[in-house]
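*Asks:* So I've got this file, final.cif, and it contains mmCIF, C-alpha atoms:
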data_protein
#
loop_
_atom_site.label_atom_id
_atom_site.label_comp_id
_atom_site.auth_asym_id
_atom_site.auth_seq_id
_atom_site.Cartn_x
_atom_site.Cartn_y
_atom_site.Cartn_z
CA MET A 284 39.43 5.82 54.13
CA LYS A 285 40.01 2.18 53.20
CA LYS A 286 37.18 1.19 55.51
CA ILE A 287 34.80 3.61 53.82
CA LEU A 288 35.76 2.31 50.37
CA PHE A 289 35.28 -1.26 51.52
CA VAL A 290 31.80 -0.47 52.82
CA ILE A 291 30.84 1.26 49.55
CA PHE A 292 32.24 -1.66 47.54
CA SER A 293 30.36 -4.16 49.70
CA ILE A 294 27.09 -2.30 49.26
CA SER A 295 27.64 -2.14 45.49
CA VAL A 296 28.24 -5.88 45.29
CA LEU A 297 25.16 -6.62 47.35
CA THR A 298 23.09 -4.27 45.21
CA LEU A 299 24.25 -5.90 41.99
CA ALA A 300 23.65 -9.35 43.44
CA GLY A 301 20.15 -8.30 44.43
CA CYS A 302 19.44 -7.03 40.90
CA LYS A 303 20.73 -10.24 39.39
CA GLN A 304 18.64 -12.28 41.77
CA LYS A 305 15.57 -10.26 40.81
CA GLU A 306 16.14 -11.05 37.13
CA VAL A 307 16.48 -14.75 37.86
CA ASP A 308 13.39 -14.67 40.03
CA TYR A 309 11.01 -13.25 37.37
CA THR A 310 7.82 -15.26 37.37
CA LYS A 311 6.55 -16.74 34.14
CA ALA A 312 3.82 -14.10 33.96
CA GLU A 313 6.34 -11.30 34.55
CA LYS A 314 8.57 -12.62 31.79
CA GLU A 315 5.66 -12.80 29.36
CA GLU A 316 4.73 -9.19 30.04
CA LEU A 317 8.29 -7.91 29.77
CA ILE A 318 8.97 -9.81 26.53
CA VAL A 319 5.80 -8.40 24.97
CA LYS A 320 6.83 -4.88 25.96
CA ALA A 321 10.29 -5.47 24.49
CA PHE A 322 8.70 -6.79 21.29
CA VAL A 323 6.66 -3.60 20.95
CA SER A 324 9.87 -1.57 21.29
CA PHE A 325 11.56 -3.77 18.70
CA MET A 326 8.80 -3.13 16.16
CA GLU A 327 9.69 0.57 16.27
CA THR A 328 13.43 0.07 15.66
CA SER A 329 15.19 0.35 12.32
CA GLU A 330 15.49 -3.46 12.19
CA GLY A 331 11.81 -3.91 13.03
CA LYS A 332 10.72 -1.45 10.37
CA ALA A 333 12.92 -3.18 7.78
CA THR A 334 11.23 -6.48 8.57
CA ILE A 335 7.77 -4.90 8.33
CA GLN A 336 8.70 -3.43 4.96
CA GLY A 337 10.09 -6.75 3.80
CA LYS A 338 6.65 -8.29 4.29
CA GLY A 339 4.81 -5.50 2.50
CA GLY A 340 3.89 -3.33 5.47
CA ILE A 341 4.14 0.37 4.77
CA VAL A 342 6.05 2.41 7.36
CA LEU A 343 7.76 5.77 7.40
CA VAL A 344 11.51 5.28 7.86
CA THR A 345 13.50 8.21 9.25
CA ALA A 346 17.15 8.93 10.00
CA THR A 347 16.30 9.16 13.70
CA ASP A 348 14.98 5.60 13.99
CA LYS A 349 16.89 3.81 16.76
CA SER A 350 18.46 0.38 16.38
CA TRP A 351 17.76 -2.53 18.73
CA ASP A 352 21.25 -2.16 20.17
CA GLU A 353 20.33 1.36 21.25
CA VAL A 354 17.19 0.34 23.13
CA LYS A 355 17.84 -3.21 24.35
CA GLU A 356 19.32 -2.03 27.65
CA ASN A 357 15.82 -0.85 28.56
CA HIS A 358 14.67 -4.49 28.38
CA PRO A 359 16.99 -6.64 30.55
CA VAL A 360 14.61 -9.60 30.32
CA THR A 361 15.90 -10.14 26.78
CA LYS A 362 19.30 -11.14 28.21
CA LEU A 363 17.81 -14.13 30.04
CA ASP A 364 17.13 -17.66 28.81
CA ASN A 365 13.44 -17.44 27.81
CA SER A 366 13.25 -20.70 25.90
CA ASP A 367 10.53 -21.95 28.27
CA ILE A 368 8.30 -18.93 27.62
CA THR A 369 5.59 -18.95 24.93
CA ILE A 370 4.26 -15.69 23.55
CA LYS A 371 0.96 -16.03 21.71
CA PHE A 372 0.18 -13.86 18.69
CA GLY A 373 -3.15 -13.61 16.89
CA GLY A 374 -5.74 -11.45 15.20
CA SER A 375 -5.69 -10.37 11.56
CA THR A 376 -4.69 -12.87 8.87
CA SER A 377 -3.53 -9.90 6.77
CA VAL A 378 -0.91 -9.04 9.39
CA GLU A 379 0.08 -12.68 9.97
CA SER A 380 3.10 -12.74 7.64
CA VAL A 381 4.43 -9.49 9.18
CA ALA A 382 3.89 -10.73 12.75
CA LYS A 383 5.57 -14.06 12.05
CA ALA A 384 8.59 -12.40 10.44
CA LEU A 385 8.97 -10.02 13.40
CA SER A 386 8.74 -12.82 15.95
CA VAL A 387 11.25 -14.99 14.06
CA GLN A 388 13.70 -12.10 13.99
CA PHE A 389 13.14 -11.04 17.60
CA SER A 390 13.13 -14.39 19.41
CA PRO A 391 16.91 -14.97 19.26
CA LEU A 392 17.41 -11.38 20.42
CA ALA A 393 15.20 -12.03 23.45
CA GLY A 394 16.31 -15.31 24.96
CA ASN A 395 14.78 -17.59 22.32
CA PHE A 396 11.18 -17.42 23.52
CA ILE A 397 8.66 -19.59 21.65
CA ALA A 398 6.37 -17.66 19.29
CA SER A 399 2.93 -19.22 18.78
CA HIS A 400 0.74 -17.80 16.01
CA GLU A 401 -3.00 -18.36 15.58
CA HIS A 402 -4.45 -15.66 13.36
CA THR A 403 -8.21 -15.88 13.06
CA GLY A 404 -9.26 -12.37 12.01
CA SER A 405 -9.14 -8.77 13.22
CA GLY A 406 -12.23 -9.24 15.37
CA ASP A 407 -10.26 -11.54 17.68
CA ALA A 408 -7.39 -9.09 18.32
CA VAL A 409 -9.13 -7.22 21.14
CA LYS A 410 -11.42 -10.06 22.09
CA ARG A 411 -8.53 -12.40 22.94
CA THR A 412 -6.19 -9.86 24.57
CA VAL A 413 -8.49 -7.71 26.71
CA GLY A 414 -12.02 -8.76 25.73
CA THR A 415 -14.40 -11.62 26.32
CA GLU A 416 -11.87 -14.37 25.53
CA SER A 417 -8.88 -12.79 27.29
CA GLU A 418 -8.97 -15.32 30.11
CA SER A 419 -10.04 -18.32 28.04
CA ALA A 420 -8.04 -21.02 26.30
CA ASN A 421 -7.99 -18.70 23.27
CA LYS A 422 -6.20 -15.85 25.04
CA ILE A 423 -3.23 -14.23 23.33
CA HIS A 424 -0.51 -11.81 24.42
CA ILE A 425 -0.58 -9.51 21.41
CA GLY A 426 -3.26 -9.15 18.76
CA PHE A 427 -3.22 -7.46 15.38
CA ALA A 428 -6.04 -5.83 13.41
CA SER A 429 -6.05 -4.73 9.79
CA ARG A 430 -8.36 -1.80 10.54
CA ASP A 431 -8.82 0.91 13.14
CA PHE A 432 -10.18 -0.29 16.46
CA SER A 433 -13.85 0.51 17.00
CA ASP A 434 -15.08 2.80 19.77
CA ASP A 435 -16.24 -0.22 21.76
CA GLU A 436 -12.86 -1.92 21.31
CA ASN A 437 -11.01 1.21 22.39
CA LYS A 438 -13.07 1.26 25.59
CA LEU A 439 -11.86 -2.28 26.33
CA ILE A 440 -8.27 -1.39 25.43
CA GLY A 441 -8.22 1.60 27.77
CA ASN A 442 -4.62 2.22 28.88
CA LYS A 443 -3.24 -1.06 27.56
CA ILE A 444 -0.29 -0.82 25.18
CA SER A 445 -1.60 -0.48 21.63
CA GLY A 446 -0.88 1.45 18.48
CA ARG A 447 -0.33 1.45 14.73
CA LEU A 448 2.20 -0.99 13.32
CA ALA A 449 2.05 0.11 9.68
CA TYR A 450 -0.25 0.97 6.81
CA ASP A 451 -1.43 -1.40 4.13
CA ALA A 452 -3.19 -0.98 0.82
CA VAL A 453 -6.28 -3.05 0.06
CA VAL A 454 -6.21 -4.10 -3.58
CA ALA A 455 -9.00 -5.30 -5.85
CA ILE A 456 -7.77 -8.50 -7.50
CA ALA A 457 -8.65 -10.53 -10.58
CA ASN A 458 -7.38 -13.57 -12.41
CA LEU A 459 -4.11 -13.01 -14.30
CA ASN A 460 -5.81 -13.83 -17.61
CA ASN A 461 -8.61 -11.30 -17.14
CA LEU A 462 -8.29 -8.11 -19.24
CA ILE A 463 -9.38 -5.78 -16.43
CA ASN A 464 -6.62 -3.53 -15.04
CA ASP A 465 -8.29 -0.61 -13.26
CA VAL A 466 -11.45 -0.08 -11.22
CA SER A 467 -13.19 2.86 -9.58
CA LYS A 468 -15.22 3.23 -6.40
CA GLU A 469 -18.42 3.28 -8.42
CA THR A 470 -17.48 0.22 -10.46
CA LEU A 471 -16.59 -1.86 -7.42
CA THR A 472 -19.76 -0.84 -5.58
CA ASN A 473 -21.85 -1.77 -8.62
CA ILE A 474 -20.11 -5.13 -8.94
CA TYR A 475 -20.68 -6.01 -5.31
CA ASN A 476 -24.31 -4.84 -5.25
CA GLY A 477 -25.12 -6.72 -8.45
CA THR A 478 -25.63 -3.78 -10.84
CA ILE A 479 -22.63 -4.88 -12.94
CA THR A 480 -22.62 -8.63 -13.53
CA ASN A 481 -20.37 -9.17 -16.56
CA PHE A 482 -16.81 -8.04 -17.22
CA ASN A 483 -17.82 -6.88 -20.71
CA GLN A 484 -19.54 -3.94 -19.00
CA ILE A 485 -16.15 -2.68 -17.83
CA SER A 486 -13.22 -4.43 -19.56
CA GLY A 487 -14.30 -6.24 -22.72
CA ASP A 488 -14.22 -9.82 -21.42
CA ASN A 489 -17.55 -11.58 -21.93
CA LEU A 490 -17.41 -13.27 -18.55
CA ASP A 491 -19.97 -13.40 -15.77
CA ILE A 492 -18.40 -11.94 -12.64
CA LYS A 493 -17.92 -14.26 -9.67
CA VAL A 494 -17.70 -12.06 -6.59
CA TYR A 495 -15.54 -13.05 -3.64
CA THR A 496 -15.61 -11.38 -0.23
CA ARG A 497 -14.18 -11.91 3.23
CA ASP A 498 -16.37 -12.77 6.24
CA THR A 499 -17.97 -10.00 8.30
CA THR A 500 -15.31 -10.13 11.06
CA SER A 501 -12.53 -9.31 8.60
CA GLY A 502 -10.66 -6.02 8.86
CA THR A 503 -9.78 -6.27 5.18
CA ARG A 504 -13.48 -6.45 4.32
CA GLU A 505 -14.31 -3.46 6.51
CA ALA A 506 -11.50 -1.38 4.99
CA PHE A 507 -12.45 -2.38 1.44
CA PHE A 508 -16.14 -1.58 1.64
CA SER A 509 -15.52 1.57 3.64
CA GLY A 510 -12.95 2.67 1.06
CA ILE A 511 -15.30 2.24 -1.90
CA GLY A 512 -18.19 3.94 -0.13
CA PHE A 513 -20.33 0.81 0.29
CA LYS A 514 -20.44 0.91 4.10
CA LYS A 515 -23.65 -1.14 4.36
CA ALA A 516 -21.66 -4.14 3.12
CA GLU A 517 -19.06 -3.95 5.91
CA LYS A 518 -21.13 -6.15 8.22
CA ASP A 519 -24.18 -7.13 6.15
CA ASN A 520 -24.13 -9.88 3.51
CA ALA A 521 -27.76 -9.19 2.57
CA VAL A 522 -26.78 -6.15 0.48
CA LEU A 523 -24.32 -8.14 -1.67
CA VAL A 524 -25.01 -9.61 -5.10
CA ASP A 525 -26.68 -13.03 -5.16
CA GLY A 526 -24.22 -15.90 -5.46
CA PHE A 527 -21.22 -14.23 -3.84
CA MET A 528 -18.56 -16.46 -2.31
CA GLU A 529 -17.39 -15.78 1.25
CA VAL A 530 -13.86 -16.81 2.28
CA GLU A 531 -12.18 -16.72 5.69
CA SER A 532 -8.65 -15.49 4.95
CA ASN A 533 -6.42 -13.61 2.54
CA GLY A 534 -4.90 -16.93 1.53
CA ALA A 535 -8.27 -18.41 0.64
CA MET A 536 -9.18 -15.26 -1.31
CA LEU A 537 -5.97 -15.42 -3.35
CA THR A 538 -6.32 -19.13 -4.08
CA ASN A 539 -9.92 -18.81 -5.25
CA VAL A 540 -9.34 -15.82 -7.54
CA LYS A 541 -6.13 -17.34 -8.91
CA ASN A 542 -8.09 -20.41 -10.01
CA ASP A 543 -11.23 -18.62 -11.25
CA LEU A 544 -11.09 -16.71 -14.55
CA ASN A 545 -14.41 -15.09 -13.61
CA GLY A 546 -13.30 -14.16 -10.11
CA LEU A 547 -13.00 -10.71 -8.59
CA GLY A 548 -12.09 -10.05 -4.98
CA TYR A 549 -9.80 -8.01 -2.76
CA ALA A 550 -6.76 -8.64 -0.59
CA SER A 551 -3.99 -6.98 1.33
CA LEU A 552 -1.16 -5.55 -0.78
CA SER A 553 1.28 -7.23 1.59
CA SER A 554 -0.09 -10.65 0.61
CA ILE A 555 -0.45 -10.48 -3.19
CA GLU A 556 3.19 -10.45 -4.29
CA ASN A 557 3.97 -13.69 -6.18
CA SER A 558 0.45 -14.93 -5.39
CA GLY A 559 -0.59 -15.54 -9.00
CA VAL A 560 -3.34 -12.90 -9.09
CA LYS A 561 -3.56 -9.49 -10.74
CA GLY A 562 -3.69 -6.43 -8.50
CA LEU A 563 -5.87 -3.72 -10.04
CA SER A 564 -5.27 0.02 -9.99
CA PHE A 565 -7.85 2.02 -8.05
CA GLU A 566 -9.14 5.26 -9.53
CA GLY A 567 -6.18 5.16 -11.92
CA VAL A 568 -3.54 4.88 -9.16
CA ILE A 569 -1.33 1.81 -8.66
CA ALA A 570 -1.16 0.37 -5.16
CA SER A 571 2.39 0.93 -3.90
CA THR A 572 4.28 1.98 -0.79
CA GLU A 573 5.05 5.37 -2.29
CA ASN A 574 1.45 6.04 -3.30
CA VAL A 575 0.13 5.07 0.13
CA LEU A 576 2.58 7.33 1.94
CA ASN A 577 1.96 10.27 -0.40
CA ASN A 578 -1.78 9.72 0.02
CA THR A 579 -2.60 9.31 -3.69
CA TYR A 580 -3.73 5.69 -3.28
CA GLN A 581 -6.88 5.96 -1.21
CA LEU A 582 -7.91 2.34 -0.66
CA LYS A 583 -5.74 1.81 2.40
CA ARG A 584 -6.02 0.90 6.05
CA PRO A 585 -3.85 0.76 9.20
CA PHE A 586 -2.30 -2.34 10.72
CA MET A 587 -2.97 -2.00 14.47
CA PHE A 588 -1.78 -3.94 17.50
CA VAL A 589 -2.97 -4.37 21.08
CA THR A 590 -1.41 -6.17 24.05
CA ARG A 591 -2.72 -7.64 27.28
CA TYR A 592 -0.65 -5.14 29.27
#
Please lay out the structure from this file as C-alpha cells.
*Replies:*
Amino acid sequence: MKKILFVIFSISVLTLAGCKQKEVDYTKAEKEELIVKAFVSFMETSEGKATIQGKGGIVLVTATDKSWDEVKENHPVTKLDNSDITIKFGGSTSVESVAKALSVQFSPLAGNFIASHEHTGSGDAVKRTVGTESESANKIHIGFASRDFSDDENKLIGNKISGRLAYDAVVAIANLNNLINDVSKETLTNIYNGTITNFNQISGDNLDIKVYTRDTTSGTREAFFSGIGFKKAEKDNAVLVDGFMEVESNGAMLTNVKNDLNGLGYASLSSIENSGVKGLSFEGVIASTENVLNNTYQLKRPFMFVTRY
C-alpha cells in the first residue's frame, strides 16, 4: 500500500513540475496571446465594467457579473512576471480613455505587462489586428472601434475574438456661451448640408455657424451622420457645407469648439465631461447613461473590440 501511495505521489509531483515548467516556458508570442485573452475576460468582470463606466462607457451591470478573483484561475499566465511583454492597443480615439484605464487597472493583475497605446481611428482597429497592416510595424494586439464593424471587416475578423465593449452616445456640441441647447435630426442635417448657416435660424444668436466634422475614417463621424439620417456624409466630404473644418480626433474637436463661439460639432459622450463645451440634447432628450440604456436617446453607437487571436 505504501508503495502504491509513493508511486501516486511521485506521479503527482512530476505532473505539477511539468505544468510549472510549461508556464515558465511560454514563448513571448504565447504570452501575448494569453494576456490578450485574459484582458478580454477582465473587461467583462464587475471591476472591468466599473472602469468602463468610470470613463463614460455605457454598460449593463447585473448581479451575476463575476469578479476578477472568480475568473483569474482560468488565466494562469497572469500569475507570471510579464514585465517584459508589451501589449499594443489601438483603433478608435473615442475609446482611447476607456482602453487606457482598463490597461492601467489590469496590468498589475497580470504580471505588470507593458501597455502601449496608439489610437488612430476606428478604421485601423481591424486593419492593424487582422487586416492589411496586421503584420507590419503598425500591428496591434487589440483594436477598438466606435461603430459596428462593416461586412468587409467582419469577413476579415472571422473567428477571431471580438465583441461589444460598451455603448456610447454621440453628442452634438457647441461653445459654452452659445444659446443653443437642443437640436433635431432635421436641424443637424440642414446645418451640415449648408441649408442653415446662422444660429439665429435656430437659437437666437446672430452668429454664422462654423461646422466641424471628423475625418472619413472616424467611427464617431459614421455614427453621427447615420444617426441624423445624413448617410451620404459618412464617407463623402463633397456633400458638406462649404468651409467646414475637418479634425482628426475627439480631442481636437473639443478644443476647436471650446475656443470657437461660432463652432458646432459632435463628440463622444465619454469624452465631453469637463471638456469646456456644451453637450446638446437631441430631439429633446438629454444624452445620459440611463437614456441610452432605455433607448430614448437615439444618437448612440457601440464600442467594439477585435483581437489578433
*Asks:* Going by the chain IDs and residue numbers used in this file, which residues fall under the PyMOL selection byres ((chain A and resi 407) around 9)? Write them as number ranges by chain.
*Replies:* A: 373-375, 402-406, 408-412, 414, 416, 426-428, 500
*Asks:* Applying the PyMOL selection byres ((chain A and resi 572-576) around 9) to the file I just gave you, which residues come out? Please list them as a list of chain:residue names.
*Replies:*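 Applying the PyMOL selection byres ((chain A and resi 572-576) around 9) to the structure shown produces A:Gly339, A:Gly340, A:Ile341, A:Val342, A:Leu343, A:Tyr450, A:Asp451, A:Ala452, A:Val568, A:Ile569, A:Ala570, A:Ser571, A:Asn577, A:Asn578, A:Thr579, A:Tyr580, A:Gln581, A:Leu582, A:Lys583.
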*Asks:* Write out as a list in words each polymer residue whose atoms come within 8 Å of Val494 in chain A, counting all atoms listed in the file; drop sequence neighbours fewer than 3 positions from it.
*Replies:*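 Once the nearby chain positions are removed, what remains is Ile474, Tyr475, Val524, Gly526, Phe527, Met528, Gly546, Leu547 and Gly548 of chain A.
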*Asks:* I'd like to know which of A:Leu317, A:Ile370, A:Leu471, A:Leu459 is closest to His358 in chain A, using all atoms listed in the file.
*Replies:* A:Leu317
*Asks:* Which residue gives the smallest distance to Ser553 in chain A among A:Thr347, A:Thr334, A:Ser380, A:Asn460, with only C-alpha atoms counted?
*Replies:*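 The shortest atom-to-atom distance to Ser553 in chain A comes from A:Ser380.
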*Asks:* How far is it from CA of Arg504 in chain A to CA of Val466 in chain A, in Å with one decimal?
*Replies:*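 Computed distance, CA of Arg504 in chain A to CA of Val466 in chain A, equals 16.9 Å.
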*Asks:* Rank nothing, just name the residue among A:Asn557, A:Leu392, A:Asn357, A:Ile463 nearest to Asn489 in chain A, using only C-alpha atoms.
*Replies:*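 Nearest candidate to Asn489 in chain A out of A:Asn557, A:Leu392, A:Asn357, A:Ile463: A:Ile463.
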*Asks:* Work out how far CA of Leu544 in chain A is from CA of Thr478 in chain A, in Å to one decimal.
*Replies:*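 Taking CA of Thr478 in chain A as the start and CA of Leu544 in chain A as the end point, the length is 19.8 Å.
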*Asks:* As an exercise, work out the distance from CA of Asp364 in chain A to CA of Glu379 in chain A in Å and give it to one decimal place.
*Replies:*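 It comes out at 25.9 Å.
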*Asks:* The centre and edge lengths of an axis-aligned box containing all atoms of range 409-422 of chain A present in the file, extended by 6 Å on each side, are to be given in Å to one decimal, as lines of an AutoDock Vina configuration file.
*Replies:*
center_x = -10.3
center_y = -14.1
center_z = 25.6
size_x = 20.2
size_y = 25.8
size_z = 21.0
*Asks:* Could you state which residues are captured by the PyMOL selection byres ((chain A and resi 435) around 12) in this file, as a PyMOL selection string?
*Replies:* chain A and resi 406+409-410+413-414+431-434+436-441
*Asks:* Smallest atom-to-atom distance to Glu556 in chain A: which of A:Asn473, A:Glu418, A:Ala521, A:Val454, using only C-alpha atoms?
*Replies:* A:Val454
*Asks:* Give as a ChimeraX atom specification every residue, naming chains and numbers as the document does, that has an atom within 7 Å of (-0.6, -6.7, 22.5), counting all atoms listed in the file.
*Replies:* /A:412,424-426,444-445,588-592
*Asks:* With N, CA, C and O atoms as the goal, would you fill in the gaps in range 350-368 of chain A and present it as a CSV table (one decimal), in the frame of the given file?
*Replies:*
chain,number,residue,atom,x,y,z
A,350,SER,N,18.2,1.8,16.6
A,350,SER,CA,18.5,0.4,16.4
A,350,SER,C,18.1,-0.4,17.7
A,350,SER,O,18.0,0.2,18.7
A,351,TRP,N,18.0,-1.7,17.5
A,351,TRP,CA,17.8,-2.5,18.7
A,351,TRP,C,18.9,-2.4,19.7
A,351,TRP,O,18.7,-2.4,20.9
A,352,ASP,N,20.1,-2.3,19.3
A,352,ASP,CA,21.2,-2.2,20.2
A,352,ASP,C,21.1,-0.9,21.0
A,352,ASP,O,21.6,-0.9,22.2
A,353,GLU,N,20.5,0.1,20.5
A,353,GLU,CA,20.3,1.4,21.2
A,353,GLU,C,19.2,1.3,22.3
A,353,GLU,O,19.2,2.1,23.2
A,354,VAL,N,18.3,0.4,22.2
A,354,VAL,CA,17.2,0.3,23.1
A,354,VAL,C,17.2,-0.9,24.0
A,354,VAL,O,16.4,-1.0,25.0
A,355,LYS,N,18.0,-1.9,23.7
A,355,LYS,CA,17.8,-3.2,24.4
A,355,LYS,C,18.2,-3.1,25.8
A,355,LYS,O,17.7,-3.9,26.6
A,356,GLU,N,19.0,-2.2,26.2
A,356,GLU,CA,19.3,-2.0,27.6
A,356,GLU,C,18.1,-1.7,28.5
A,356,GLU,O,18.1,-1.9,29.7
A,357,ASN,N,17.1,-1.2,27.8
A,357,ASN,CA,15.8,-0.8,28.6
A,357,ASN,C,15.0,-2.1,28.8
A,357,ASN,O,14.0,-2.0,29.5
A,358,HIS,N,15.4,-3.2,28.3
A,358,HIS,CA,14.7,-4.5,28.4
A,358,HIS,C,15.6,-5.6,28.8
A,358,HIS,O,15.9,-6.5,28.0
A,359,PRO,N,16.0,-5.6,30.1
A,359,PRO,CA,17.0,-6.6,30.6
A,359,PRO,C,16.5,-8.1,30.5
A,359,PRO,O,17.3,-9.0,30.5
A,360,VAL,N,15.2,-8.2,30.4
A,360,VAL,CA,14.6,-9.6,30.3
A,360,VAL,C,15.1,-10.3,29.1
A,360,VAL,O,15.2,-11.5,29.0
A,361,THR,N,15.5,-9.5,28.0
A,361,THR,CA,15.9,-10.1,26.8
A,361,THR,C,17.3,-10.8,26.9
A,361,THR,O,17.7,-11.6,26.0
A,362,LYS,N,18.0,-10.5,28.0
A,362,LYS,CA,19.3,-11.1,28.2
A,362,LYS,C,19.2,-12.5,28.9
A,362,LYS,O,20.2,-13.2,29.0
A,363,LEU,N,18.0,-12.9,29.3
A,363,LEU,CA,17.8,-14.1,30.0
A,363,LEU,C,17.5,-15.3,29.1
A,363,LEU,O,17.2,-15.1,27.9
A,364,ASP,N,17.6,-16.5,29.6
A,364,ASP,CA,17.1,-17.7,28.8
A,364,ASP,C,15.6,-17.7,28.9
A,364,ASP,O,15.1,-18.0,30.0
A,365,ASN,N,14.9,-17.4,27.8
A,365,ASN,CA,13.4,-17.4,27.8
A,365,ASN,C,12.9,-18.6,27.0
A,365,ASN,O,11.7,-18.5,26.5
A,366,SER,N,13.7,-19.6,26.8
A,366,SER,CA,13.2,-20.7,25.9
A,366,SER,C,12.1,-21.5,26.4
A,366,SER,O,11.5,-22.3,25.7
A,367,ASP,N,11.7,-21.3,27.7
A,367,ASP,CA,10.5,-22.0,28.3
A,367,ASP,C,9.3,-21.1,28.3
A,367,ASP,O,8.2,-21.4,28.8
A,368,ILE,N,9.4,-19.9,27.6
A,368,ILE,CA,8.3,-18.9,27.6
A,368,ILE,C,7.7,-18.9,26.2
A,368,ILE,O,8.3,-18.8,25.2
